[in-house]
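J.: What follows is structure.txt; its format and atoms are compact mmCIF, C-alpha atoms and all ligand atoms.
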# COMPACT_ATOMS: atom_id res chain seq x y z
CA MET N 1 -64.25 -94.41 14.98
CA SER N 2 -61.06 -93.25 16.65
CA ILE N 3 -59.38 -93.87 13.30
CA LEU N 4 -61.17 -90.70 12.15
CA LYS N 5 -59.70 -88.85 15.06
CA LYS N 6 -56.22 -90.17 14.36
CA TYR N 7 -56.20 -89.14 10.72
CA LEU N 8 -58.49 -86.14 10.53
CA MET N 9 -58.44 -84.27 13.82
CA PRO N 10 -55.93 -81.42 13.83
CA SER N 11 -53.47 -81.38 16.75
CA GLN N 12 -54.30 -77.70 17.13
CA TYR N 13 -56.83 -75.31 15.64
CA VAL N 14 -56.23 -71.56 15.31
CA LYS N 15 -57.98 -68.60 13.71
CA ASN N 16 -55.00 -67.66 11.53
CA VAL N 17 -51.26 -68.23 11.15
CA PHE N 18 -50.49 -65.11 13.17
CA GLU N 19 -51.61 -66.95 16.30
CA ILE N 20 -48.70 -69.31 15.73
CA ARG N 21 -45.76 -67.67 17.53
CA PRO N 22 -42.09 -68.60 17.08
CA GLU N 23 -41.51 -68.63 20.86
CA ASP N 24 -44.30 -71.19 21.37
CA LEU N 25 -42.90 -73.39 18.61
CA LYS N 26 -39.35 -73.16 19.97
CA ALA N 27 -40.55 -73.99 23.48
CA ARG N 28 -41.95 -77.23 22.02
CA GLY N 29 -38.74 -78.05 20.16
CA VAL N 30 -40.13 -77.20 16.73
CA LYS N 31 -37.45 -76.34 14.19
CA ALA N 32 -39.43 -76.19 10.96
CA ILE N 33 -42.81 -75.37 9.43
CA ILE N 34 -44.48 -76.87 6.40
CA THR N 35 -47.26 -74.54 5.38
CA ASP N 36 -50.02 -74.60 2.82
CA LEU N 37 -50.49 -71.48 0.69
CA ASP N 38 -54.05 -70.91 -0.57
CA ASN N 39 -56.47 -69.78 2.14
CA THR N 40 -53.82 -70.49 4.77
CA LEU N 41 -51.33 -67.66 4.21
CA VAL N 42 -53.52 -65.49 1.95
CA GLY N 43 -56.82 -65.86 0.11
CA TRP N 44 -56.69 -68.22 -2.86
CA ASP N 45 -57.06 -65.25 -5.24
CA VAL N 46 -54.37 -63.06 -3.66
CA GLU N 47 -51.13 -63.23 -5.63
CA LEU N 48 -48.58 -61.94 -3.14
CA ALA N 49 -47.88 -62.07 0.57
CA THR N 50 -49.37 -59.23 2.64
CA GLU N 51 -47.21 -57.10 4.97
CA GLU N 52 -48.47 -59.16 7.88
CA VAL N 53 -47.49 -62.44 6.21
CA ILE N 54 -44.05 -61.07 5.34
CA ALA N 55 -43.57 -60.01 8.97
CA TRP N 56 -44.63 -63.50 10.13
CA PHE N 57 -42.07 -65.16 7.85
CA ASN N 58 -39.40 -62.75 9.11
CA GLN N 59 -40.22 -63.54 12.75
CA MET N 60 -39.85 -67.25 12.08
CA ALA N 61 -36.57 -66.76 10.21
CA LYS N 62 -35.22 -64.62 13.05
CA ALA N 63 -36.09 -67.39 15.51
CA GLY N 64 -34.22 -69.90 13.32
CA ILE N 65 -37.37 -71.74 12.28
CA LYS N 66 -37.22 -72.98 8.69
CA ILE N 67 -40.27 -72.82 6.43
CA THR N 68 -41.26 -74.64 3.27
CA ILE N 69 -44.48 -73.82 1.42
CA VAL N 70 -46.06 -77.06 0.22
CA SER N 71 -49.03 -76.49 -2.08
CA ASN N 72 -51.22 -78.56 -4.36
CA ASN N 73 -51.44 -75.55 -6.65
CA ASN N 74 -49.35 -75.17 -9.83
CA GLU N 75 -45.84 -73.82 -10.28
CA THR N 76 -46.92 -70.40 -11.61
CA ARG N 77 -49.03 -69.65 -8.55
CA VAL N 78 -46.66 -71.02 -5.93
CA ALA N 79 -43.42 -69.63 -7.42
CA ALA N 80 -44.92 -66.14 -7.85
CA PHE N 81 -45.87 -66.11 -4.17
CA ALA N 82 -42.78 -67.78 -2.67
CA THR N 83 -39.98 -66.22 -4.72
CA PRO N 84 -40.26 -62.65 -3.32
CA LEU N 85 -40.27 -64.19 0.19
CA LYS N 86 -37.11 -66.15 -0.63
CA VAL N 87 -38.72 -69.23 0.89
CA ASP N 88 -38.48 -72.81 -0.36
CA TYR N 89 -41.58 -74.30 -1.94
CA ILE N 90 -43.02 -77.44 -3.44
CA PHE N 91 -45.87 -77.15 -5.97
CA ASN N 92 -48.24 -79.86 -7.27
CA ALA N 93 -47.72 -81.50 -3.88
CA ARG N 94 -50.59 -84.00 -4.17
CA LYS N 95 -51.64 -83.72 -0.54
CA PRO N 96 -52.97 -85.84 1.21
CA MET N 97 -50.17 -87.97 -0.24
CA GLY N 98 -47.12 -87.61 1.98
CA GLN N 99 -44.20 -87.54 -0.47
CA ALA N 100 -43.95 -83.75 -0.65
CA PHE N 101 -43.73 -83.51 3.15
CA LYS N 102 -40.96 -86.12 3.21
CA LYS N 103 -39.08 -84.16 0.55
CA ALA N 104 -39.54 -80.92 2.52
CA VAL N 105 -38.20 -82.26 5.84
CA LYS N 106 -35.25 -83.84 4.07
CA ALA N 107 -34.37 -80.54 2.40
CA MET N 108 -34.75 -78.65 5.72
CA GLU N 109 -32.66 -81.31 7.50
CA VAL N 110 -35.23 -81.87 10.23
CA THR N 111 -37.44 -84.78 11.31
CA PRO N 112 -41.26 -84.92 11.22
CA ASP N 113 -41.42 -84.60 15.01
CA GLU N 114 -39.45 -81.34 14.79
CA THR N 115 -41.89 -79.98 12.22
CA VAL N 116 -45.43 -78.60 12.31
CA VAL N 117 -47.76 -78.65 9.33
CA ILE N 118 -50.12 -75.70 8.87
CA GLY N 119 -53.11 -75.73 6.55
CA ASP N 120 -56.77 -74.83 6.12
CA GLN N 121 -58.08 -78.16 4.81
CA MET N 122 -58.74 -81.27 6.84
CA MET N 123 -58.95 -83.63 3.86
CA THR N 124 -55.58 -82.56 2.42
CA ASP N 125 -53.37 -80.72 4.93
CA VAL N 126 -54.42 -82.38 8.18
CA LEU N 127 -54.76 -85.85 6.68
CA ALA N 128 -51.31 -85.62 5.06
CA ALA N 129 -49.77 -84.39 8.33
CA ASN N 130 -51.44 -86.88 10.65
CA SER N 131 -50.80 -89.90 8.45
CA ASN N 132 -47.10 -89.05 8.18
CA GLY N 133 -46.34 -88.37 11.84
CA PHE N 134 -46.52 -84.57 11.86
CA TYR N 135 -48.18 -82.21 14.34
CA SER N 136 -51.02 -80.54 12.43
CA ILE N 137 -52.28 -77.00 12.92
CA MET N 138 -55.52 -76.20 11.13
CA VAL N 139 -56.40 -72.56 10.40
CA VAL N 140 -59.73 -71.03 9.50
CA PRO N 141 -59.63 -70.46 5.71
CA VAL N 142 -58.72 -66.87 4.82
CA LYS N 143 -61.37 -66.83 2.11
CA SER N 144 -63.90 -69.39 0.97
CA ASN N 145 -63.18 -71.05 -2.35
CA ASP N 146 -65.79 -71.77 -4.97
CA GLU N 147 -63.96 -74.68 -6.55
CA TRP N 148 -66.18 -77.80 -6.40
CA LYS N 149 -63.49 -80.05 -4.92
CA THR N 150 -62.94 -77.62 -2.07
CA ARG N 151 -66.68 -77.31 -1.48
CA VAL N 152 -67.00 -81.07 -1.15
CA ASN N 153 -64.04 -81.16 1.26
CA ARG N 154 -65.58 -78.37 3.34
CA MET N 155 -68.83 -80.29 3.62
CA MET N 156 -66.97 -83.33 4.92
CA GLU N 157 -64.89 -81.17 7.26
CA ARG N 158 -67.98 -79.67 8.83
CA ARG N 159 -69.35 -83.15 9.49
CA PHE N 160 -66.11 -84.38 11.04
CA LEU N 161 -65.71 -81.25 13.15
CA ALA N 162 -69.27 -81.65 14.43
CA TYR N 163 -68.52 -85.30 15.20
CA PHE N 164 -65.30 -84.47 17.09
CA LYS N 165 -67.16 -81.83 19.07
CA ARG N 166 -69.97 -84.21 19.93
CA LYS N 167 -67.41 -86.74 21.11
CA GLY N 168 -65.81 -84.08 23.28
CA TYR N 169 -62.46 -84.38 21.48
CA ILE N 170 -62.25 -80.67 20.80
CA GLU N 171 -62.80 -77.62 22.94
CA TRP N 172 -62.08 -74.89 20.42
CA GLU N 173 -64.80 -72.86 18.81
CA GLU N 174 -65.27 -72.85 15.06
MG MG N 201 -55.42 -74.35 1.33
Could you take the file, read its structure, and then write that structure out as C-alpha cells?
Ligand SMILES: [Mg+2]

T.:
Amino acid sequence: MSILKKYLMPSQYVKNVFEIRPEDLKARGVKAIITDLDNTLVGWDVELATEEVIAWFNQMAKAGIKITIVSNNNETRVAAFATPLKVDYIFNARKPMGQAFKKAVKAMEVTPDETVVIGDQMMTDVLAANSNGFYSIMVVPVKSNDEWKTRVNRMMERRFLAYFKRKGYIEWEE
C-alpha cells in the first residue's frame, strides 16, 4: 500500500498558501512555484485575487521565486484571474496528467526538484506533483465546491487521509 503513499500523500500540508513563506522556500533551494487556482488561491467562485493573494505573489516575486498558475479550468476563468497579476498561467491543464507541469518548469527555466506544487486536491494536484517528481504542498480548500467530480474526489481524499493517519504517516491535523 505504500504506492498510495508515494502517489497521493502530500509532502506537506498547510491551512492556506499564506503559510508558505518565501524565506522557507529559498532555504530549501526552491526557485519556482506551480500553483492551482480554484480553492487554492481563492474560492472557485471568486473572480479576482484578494489583497492578501496579491501581497503573497509580490512577496514571492521580491524573493526571486517564479510562479506559474496551472489550472484545469478554462481559459476565460484562468486568464481573467492571472492577467491582472501579470503571472504566467496554463489553463485546461488536465491534471493529474503531468504535461502542463513539464511545460511550466521549462518556461520558468527550473527543474522539478527546484519547484513546489501547491493545490487543494489530492486526486489532481498532489497526484500530478508526486508522479512527476515534484514536492507537493496540499492546502485546505478555500471553499467547498458543489461540482460532482470534486465531491467524488473529496470523498476519496478523506479516505486516503484517514488511511495515512492510521498508518502514522502524517502528524498534521485536518
Ligand atoms: Mg483546486

J.: Quote the spacing between atom CA of Met155 of chain N and atom CA of Ala104 of chain N in Å to one decimal place.

T.: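 Between atom CA of Met155 of chain N and atom CA of Ala104 of chain N the gap works out to 29.3 Å.
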
J.: How would you report the residues lying within 7 Å of ligand MG 201 (chain N), as a ChimeraX atom specification, if you count all atoms listed in the file?

T.: /N:36-40,119-121

J.: I need the residue nearest Thr150 of chain N from this list: N:Val116, N:Met122, N:Met138, N:Ala162. Use only C-alpha atoms for the distance.

T.: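 Looking only at the distances to Thr150 of chain N, the closest residue turns out to be N:Met122.
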
J.: I'd like to know which of N:Arg166, N:Lys66, N:Lys103, N:Arg154 is closest to Thr115 of chain N, using all atoms listed in the file.

T.: N:Lys66

J.: Measure the distance from atom CA of Gly133 of chain N to atom CA of Met156 of chain N in Å and round it to one decimal.

T.: 22.3 Å

J.: Give me, as a PyMOL selection string, all polymer residues having an atom no more than 12 Å from Glu147 of chain N, counting all atoms listed in the file and skipping those fewer than 6 positions away in the same chain.

T.: chain N and resi 44-45+153-154

J.: With distances taken over all atoms listed in the file, which residue among N:Val46, N:Leu25, N:Val117, N:Val152 lies nearest Gly98 of chain N?

T.: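 Closest to Gly98 of chain N, using all atoms listed in the file: N:Val117.
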
J.: Just the residues within 8 Å of Arg94 of chain N, please, counting only C-alpha atoms, with nothing from its chain fewer than 6 positions along; format it as a count of residues only.

T.: 3

J.: Take atom CA of Trp56 of chain N and atom CA of Thr68 of chain N and report the distance between them in Å, one decimal.

T.: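 Going from atom CA of Trp56 of chain N over to atom CA of Thr68 of chain N, I get 13.5 Å.
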
J.: Could you check the closest approach to Thr76 of chain N for each of N:Glu114, N:Glu157, N:Glu23, N:Glu47 and tell me which residue wins, using only C-alpha atoms?

T.: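 Closest candidate: N:Glu47.
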
J.: So that I can see what lies close to Val126 of chain N, please list as a list of chain:residue names the residues with an atom at most 10 Å from it, counting only C-alpha atoms and leaving out residues fewer than 4 positions away in the same chain.

T.: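 With the cut-off at 10 Å, the set is N:Tyr7, N:Leu8, N:Met9, N:Pro10, N:Ser11, N:Lys95, N:Pro96, N:Val117, N:Ile118, N:Gly119, N:Asp120, N:Gln121, N:Met122, N:Asn130, N:Ser131, N:Asn132, N:Phe134, N:Tyr135, N:Ser136, N:Ile137, N:Met138.
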
J.: Find the residue from N:Val70, N:Val30, N:Val110, N:Val139 that sits nearest to Met97 of chain N; use only C-alpha atoms when measuring.

T.: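 Result for the nearest residue to Met97 of chain N: N:Val70.
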
J.: Compare N:Ile20, N:Ala93, N:Ile34, N:Met108 by their minimum atom-to-atom distance to Asn73 of chain N, counting only C-alpha atoms, and give me the closest one.

T.: N:Ala93

J.: In the coordinates of the file, take the point (-44.8, -62.7, -1.4) and a cut-off of 6 Å; then, counting only C-alpha atoms, name each qualifying protein, DNA or RNA residue as JSON, numbers by chain.

T.: {"N": [48, 49, 81, 82, 84, 85]}
